[in-house]
file model18.pdb (PDB, C-alpha atoms)
ATOM      1  CA  MET T  20       0.000   0.000   0.000
ATOM      2  CA  VAL T  21       1.316   3.432  -0.919
ATOM      3  CA  ARG T  22       1.358   6.238   1.636
ATOM      4  CA  THR T  23      -0.420   9.244   0.237
ATOM      5  CA  SER T  24       0.191  11.579   3.178
ATOM      6  CA  VAL T  25       2.797  11.124   5.888
ATOM      7  CA  LEU T  26       1.228  13.945   7.936
ATOM      8  CA  ALA T  27      -2.241  12.347   7.772
ATOM      9  CA  ASP T  28      -0.834   9.006   8.942
ATOM     10  CA  ALA T  29       0.942  10.734  11.835
ATOM     11  CA  MET T  30      -2.185  12.609  12.973
ATOM     12  CA  ASN T  31      -4.234   9.413  12.673
ATOM     13  CA  ALA T  32      -1.719   7.535  14.852
ATOM     14  CA  ILE T  33      -1.833  10.308  17.478
ATOM     15  CA  ASN T  34      -5.659  10.345  17.479
ATOM     16  CA  ASN T  35      -5.874   6.564  17.847
ATOM     17  CA  ALA T  36      -3.267   6.358  20.617
ATOM     18  CA  ASP T  37      -4.851   9.254  22.527
ATOM     19  CA  SER T  38      -8.339   7.744  22.326
ATOM     20  CA  MET T  39      -6.939   4.435  23.627
ATOM     21  CA  GLY T  40      -5.403   6.270  26.597
ATOM     22  CA  LYS T  41      -1.778   5.552  25.682
ATOM     23  CA  ARG T  42       0.974   7.741  27.114
ATOM     24  CA  GLN T  43       3.244   7.672  24.055
ATOM     25  CA  VAL T  44       3.037   6.908  20.347
ATOM     26  CA  LEU T  45       5.578   5.978  17.675
ATOM     27  CA  ILE T  46       5.196   7.783  14.354
ATOM     28  CA  ARG T  47       6.999   6.626  11.241
ATOM     29  CA  PRO T  48       8.130   7.852   8.785
ATOM     30  CA  ALA T  49       9.248  11.243  10.071
ATOM     31  CA  SER T  50       9.131  14.389   7.954
ATOM     32  CA  LYS T  51      10.005  18.056   8.407
ATOM     33  CA  VAL T  52       6.354  19.098   8.114
ATOM     34  CA  THR T  53       5.323  16.556  10.782
ATOM     35  CA  VAL T  54       8.029  17.872  13.131
ATOM     36  CA  GLU T  55       6.858  21.476  12.595
ATOM     37  CA  PHE T  56       3.212  20.466  13.194
ATOM     38  CA  LEU T  57       4.239  18.693  16.420
ATOM     39  CA  ASN T  58       6.265  21.762  17.500
ATOM     40  CA  ILE T  59       3.131  23.907  17.270
ATOM     41  CA  MET T  60       1.092  21.306  19.173
ATOM     42  CA  GLN T  61       3.773  21.157  21.879
ATOM     43  CA  LYS T  62       4.065  24.948  22.118
ATOM     44  CA  ASN T  63       0.316  25.136  22.807
ATOM     45  CA  GLY T  64       0.474  22.330  25.388
ATOM     46  CA  TYR T  65      -1.514  19.655  23.564
ATOM     47  CA  ILE T  66       1.323  17.085  23.559
ATOM     48  CA  GLY T  67       4.377  16.594  25.746
ATOM     49  CA  GLU T  68       7.960  16.109  24.639
ATOM     50  CA  PHE T  69       8.772  14.378  21.383
ATOM     51  CA  GLU T  70      12.016  12.919  20.085
ATOM     52  CA  VAL T  71      13.073  12.398  16.480
ATOM     53  CA  VAL T  72      14.952   9.100  16.168
ATOM     54  CA  ASP T  73      17.292   8.837  13.168
ATOM     55  CA  ASP T  74      17.420   5.199  12.039
ATOM     56  CA  HIS T  75      19.303   5.988   8.777
ATOM     57  CA  ARG T  76      16.102   5.320   6.853
ATOM     58  CA  SER T  77      13.035   7.540   6.961
ATOM     59  CA  GLY T  78      13.224   8.237  10.708
ATOM     60  CA  LYS T  79      10.830   7.821  13.616
ATOM     61  CA  ILE T  80       9.219  10.198  16.093
ATOM     62  CA  VAL T  81       8.310   9.192  19.648
ATOM     63  CA  VAL T  82       5.621  11.521  21.042
ATOM     64  CA  GLN T  83       4.641  11.744  24.724
ATOM     65  CA  LEU T  84       0.882  12.304  25.043
ATOM     66  CA  THR T  85      -0.682  14.388  27.819
ATOM     67  CA  GLY T  86      -4.326  13.406  27.295
ATOM     68  CA  ARG T  87      -5.333  17.009  26.582
ATOM     69  CA  LEU T  88      -5.839  16.474  22.844
ATOM     70  CA  ASN T  89      -9.413  15.936  21.656
ATOM     71  CA  LYS T  90      -8.847  15.678  17.915
ATOM     72  CA  CYS T  91      -6.221  16.489  15.325
ATOM     73  CA  GLY T  92      -6.559  16.206  11.596
ATOM     74  CA  VAL T  93      -5.178  17.092   8.201
ATOM     75  CA  ILE T  94      -6.920  19.031   5.439
ATOM     76  CA  SER T  95      -6.257  17.537   2.042
ATOM     77  CA  PRO T  96      -5.859  19.064  -0.500
ATOM     78  CA  ARG T  97      -3.908  21.949   1.008
ATOM     79  CA  TYR T  98      -6.246  24.823   0.180
ATOM     80  CA  ASN T  99      -5.017  28.380  -0.262
ATOM     81  CA  VAL T 100      -6.276  30.547   2.589
ATOM     82  CA  LYS T 101      -6.430  34.327   2.443
ATOM     83  CA  ILE T 102      -6.308  36.383   5.626
ATOM     84  CA  ASN T 103      -9.925  37.432   5.120
ATOM     85  CA  ASP T 104     -11.064  33.794   4.650
ATOM     86  CA  LEU T 105      -9.328  32.582   7.810
ATOM     87  CA  GLU T 106     -12.421  33.184   9.944
ATOM     88  CA  LYS T 107     -14.487  30.975   7.603
ATOM     89  CA  TRP T 108     -12.078  28.088   8.127
ATOM     90  CA  VAL T 109     -12.072  28.613  11.897
ATOM     91  CA  THR T 110     -15.866  28.234  12.007
ATOM     92  CA  LYS T 111     -15.737  25.189   9.702
ATOM     93  CA  LEU T 112     -13.028  23.245  11.518
ATOM     94  CA  LEU T 113     -12.948  24.260  15.174
ATOM     95  CA  PRO T 114     -15.683  23.693  17.771
ATOM     96  CA  SER T 115     -15.361  27.222  19.152
ATOM     97  CA  ARG T 116     -13.575  30.457  18.254
ATOM     98  CA  GLN T 117     -11.591  30.499  21.514
ATOM     99  CA  PHE T 118     -10.712  26.812  21.360
ATOM    100  CA  GLY T 119      -8.250  25.021  19.066
ATOM    101  CA  HIS T 120      -5.766  25.926  16.373
ATOM    102  CA  ILE T 121      -5.505  25.734  12.596
ATOM    103  CA  VAL T 122      -2.005  25.122  11.229
ATOM    104  CA  LEU T 123      -0.920  26.955   8.069
ATOM    105  CA  THR T 124       2.195  26.741   5.957
ATOM    106  CA  THR T 125       3.197  30.235   4.861
ATOM    107  CA  SER T 126       6.151  31.974   3.295
ATOM    108  CA  ALA T 127       7.211  32.841   6.857
ATOM    109  CA  GLY T 128       7.151  29.152   7.919
ATOM    110  CA  VAL T 129       4.637  26.779   9.510
ATOM    111  CA  MET T 130       2.448  28.538  12.110
ATOM    112  CA  ASP T 131      -0.994  28.510  13.675
ATOM    113  CA  HIS T 132      -3.755  30.871  12.576
ATOM    114  CA  HIS T 133      -3.298  33.240  15.547
ATOM    115  CA  THR T 134       0.350  33.846  14.638
ATOM    116  CA  ALA T 135      -0.479  34.160  10.930
ATOM    117  CA  ARG T 136      -3.093  36.813  11.676
ATOM    118  CA  ARG T 137      -0.640  38.682  13.919
ATOM    119  CA  LYS T 138       2.115  38.583  11.260
ATOM    120  CA  HIS T 139      -0.435  39.369   8.523
ATOM    121  CA  VAL T 140       0.561  36.435   6.280
ATOM    122  CA  SER T 141      -1.538  33.836   4.505
ATOM    123  CA  GLY T 142      -0.731  30.503   2.936
ATOM    124  CA  LYS T 143      -1.944  26.942   2.590
ATOM    125  CA  ILE T 144      -3.872  25.085   5.271
ATOM    126  CA  LEU T 145      -2.202  21.968   6.699
ATOM    127  CA  GLY T 146      -4.524  20.826   9.468
ATOM    128  CA  PHE T 147      -6.102  21.522  12.837
ATOM    129  CA  PHE T 148      -6.084  20.363  16.451
ATOM    130  CA  TYR T 149      -8.194  21.003  19.527
TER     131      TYR T 149
END
call {"tool": "encode", "arguments": {"input": "model18.pdb", "output": "structure tokens"}}
result
Amino acid sequence: MVRTSVLADAMNAINNADSMGKRQVLIRPASKVTVEFLNIMQKNGYIGEFEVVDDHRSGKIVVQLTGRLNKCGVISPRYNVKINDLEKWVTKLLPSRQFGHIVLTTSAGVMDHHTARRKHVSGKILGFFY
């Protein structure tokens, strides 16, 4: 079976492990986008520490779960999002305006929608978590 999205597989593994009540999850293969997505989740306190293990192949990531995550997902295809349309996506994807984050990839790097609005940049939507 061919992997169509490494990021989608990683988010699916995190969702499944968190719903089972596990304390850690192994994600493989590792990618730069997955690491950036996990950095944003960690910065907002939804996951604990994570470690990228280099096995001289595609790599692995071991993520410590805190149990605070309700759901995380990937939006495919990666739609272009303008700054004005960001509010539309927030109402579509998140349960509340004060709750959760949408992750965007922009020319200024991978960031959540709060940071993108503050820096006044737009880009493509990667996914969400709450």
call {"tool": "residues_around", "arguments": {"input": "model18.pdb", "residues": "range 91-98 of chain T", "least_positions_apart": "4", "cutoff": "12 Å", "atoms": "only C-alpha atoms", "output": "PyMOL selection string"}}
result
chain T and resi 23-38+52-53+56-57+60+65-66+87+104-105+108+111-113+119-125+141-149
call {"tool": "closest_residue", "arguments": {"input": "model18.pdb", "among": "T:Lys107, T:Lys62, T:Lys90, T:Arg116", "to": "Asp131 in chain T", "atoms": "all atoms listed in the file"}}
result
T:Lys62
call {"tool": "closest_residue", "arguments": {"input": "model18.pdb", "among": "T:Ala49, T:Arg42, T:Leu84, T:Arg136", "to": "Glu106 in chain T", "atoms": "only C-alpha atoms"}}
result
T:Arg136
call {"tool": "axis_aligned_box", "arguments": {"input": "model18.pdb", "around": "range 113-128 of chain T", "padding_each_side": "4 Å", "output": "lines of an AutoDock Vina configuration file"}}
result
center_x = -4.2
center_y = 28.3
center_z = 12.4
size_x = 30.9
size_y = 17.1
size_z = 26.2
call {"tool": "residues_near_point", "arguments": {"input": "model18.pdb", "point": "(5.6, 23.6, 12.4)", "cutoff": "6 Å", "atoms": "all atoms listed in the file", "output": "PDB file with C-alpha atoms, keeping the file's coordinate frame"}}
result
ATOM      1  CA  GLU T  55       6.858  21.476  12.595  1.00  0.00           C
ATOM      2  CA  PHE T  56       3.212  20.466  13.194  1.00  0.00           C
ATOM      3  CA  ASN T  58       6.265  21.762  17.500  1.00  0.00           C
ATOM      4  CA  ILE T  59       3.131  23.907  17.270  1.00  0.00           C
ATOM      5  CA  VAL T 129       4.637  26.779   9.510  1.00  0.00           C
ATOM      6  CA  MET T 130       2.448  28.538  12.110  1.00  0.00           C
TER       7      MET T 130
END
call {"tool": "closest_residue", "arguments": {"input": "model18.pdb", "among": "T:Gly86, T:Gly67, T:Pro114, T:Ala127", "to": "Met39 in chain T", "atoms": "all atoms listed in the file"}}
result
T:Gly86
call {"tool": "atom_distance", "arguments": {"input": "model18.pdb", "atom1": "CA of Phe69 in chain T", "atom2": "CA of Lys138 in chain T"}}
result
27.1 Å
call {"tool": "atom_distance", "arguments": {"input": "model18.pdb", "atom1": "CA of Asn63 in chain T", "atom2": "CA of Ile46 in chain T"}}
result
19.9 Å
call {"tool": "closest_residue", "arguments": {"input": "model18.pdb", "among": "T:Arg22, T:Val81, T:His75, T:Ser115", "to": "Leu45 in chain T", "atoms": "only C-alpha atoms"}}
result
T:Val81
call {"tool": "closest_residue", "arguments": {"input": "model18.pdb", "among": "T:Phe118, T:Val21, T:Glu68, T:Val109", "to": "Asn89 in chain T", "atoms": "all atoms listed in the file"}}
result
T:Phe118
call {"tool": "atom_distance", "arguments": {"input": "model18.pdb", "atom1": "CA of Gly128 in chain T", "atom2": "CA of Lys51 in chain T"}}
result
11.5 Å
call {"tool": "closest_residue", "arguments": {"input": "model18.pdb", "among": "T:Thr110, T:Ser126, T:Gln43, T:Gln117", "to": "Val82 in chain T", "atoms": "all atoms listed in the file"}}
result
T:Gln43
call {"tool": "resolve_selection", "arguments": {"input": "model18.pdb", "expression": "the PyMOL selection byres ((chain T and resi 48) around 6)", "output": "PyMOL selection string"}}
result
chain T and resi 47+49+77-79
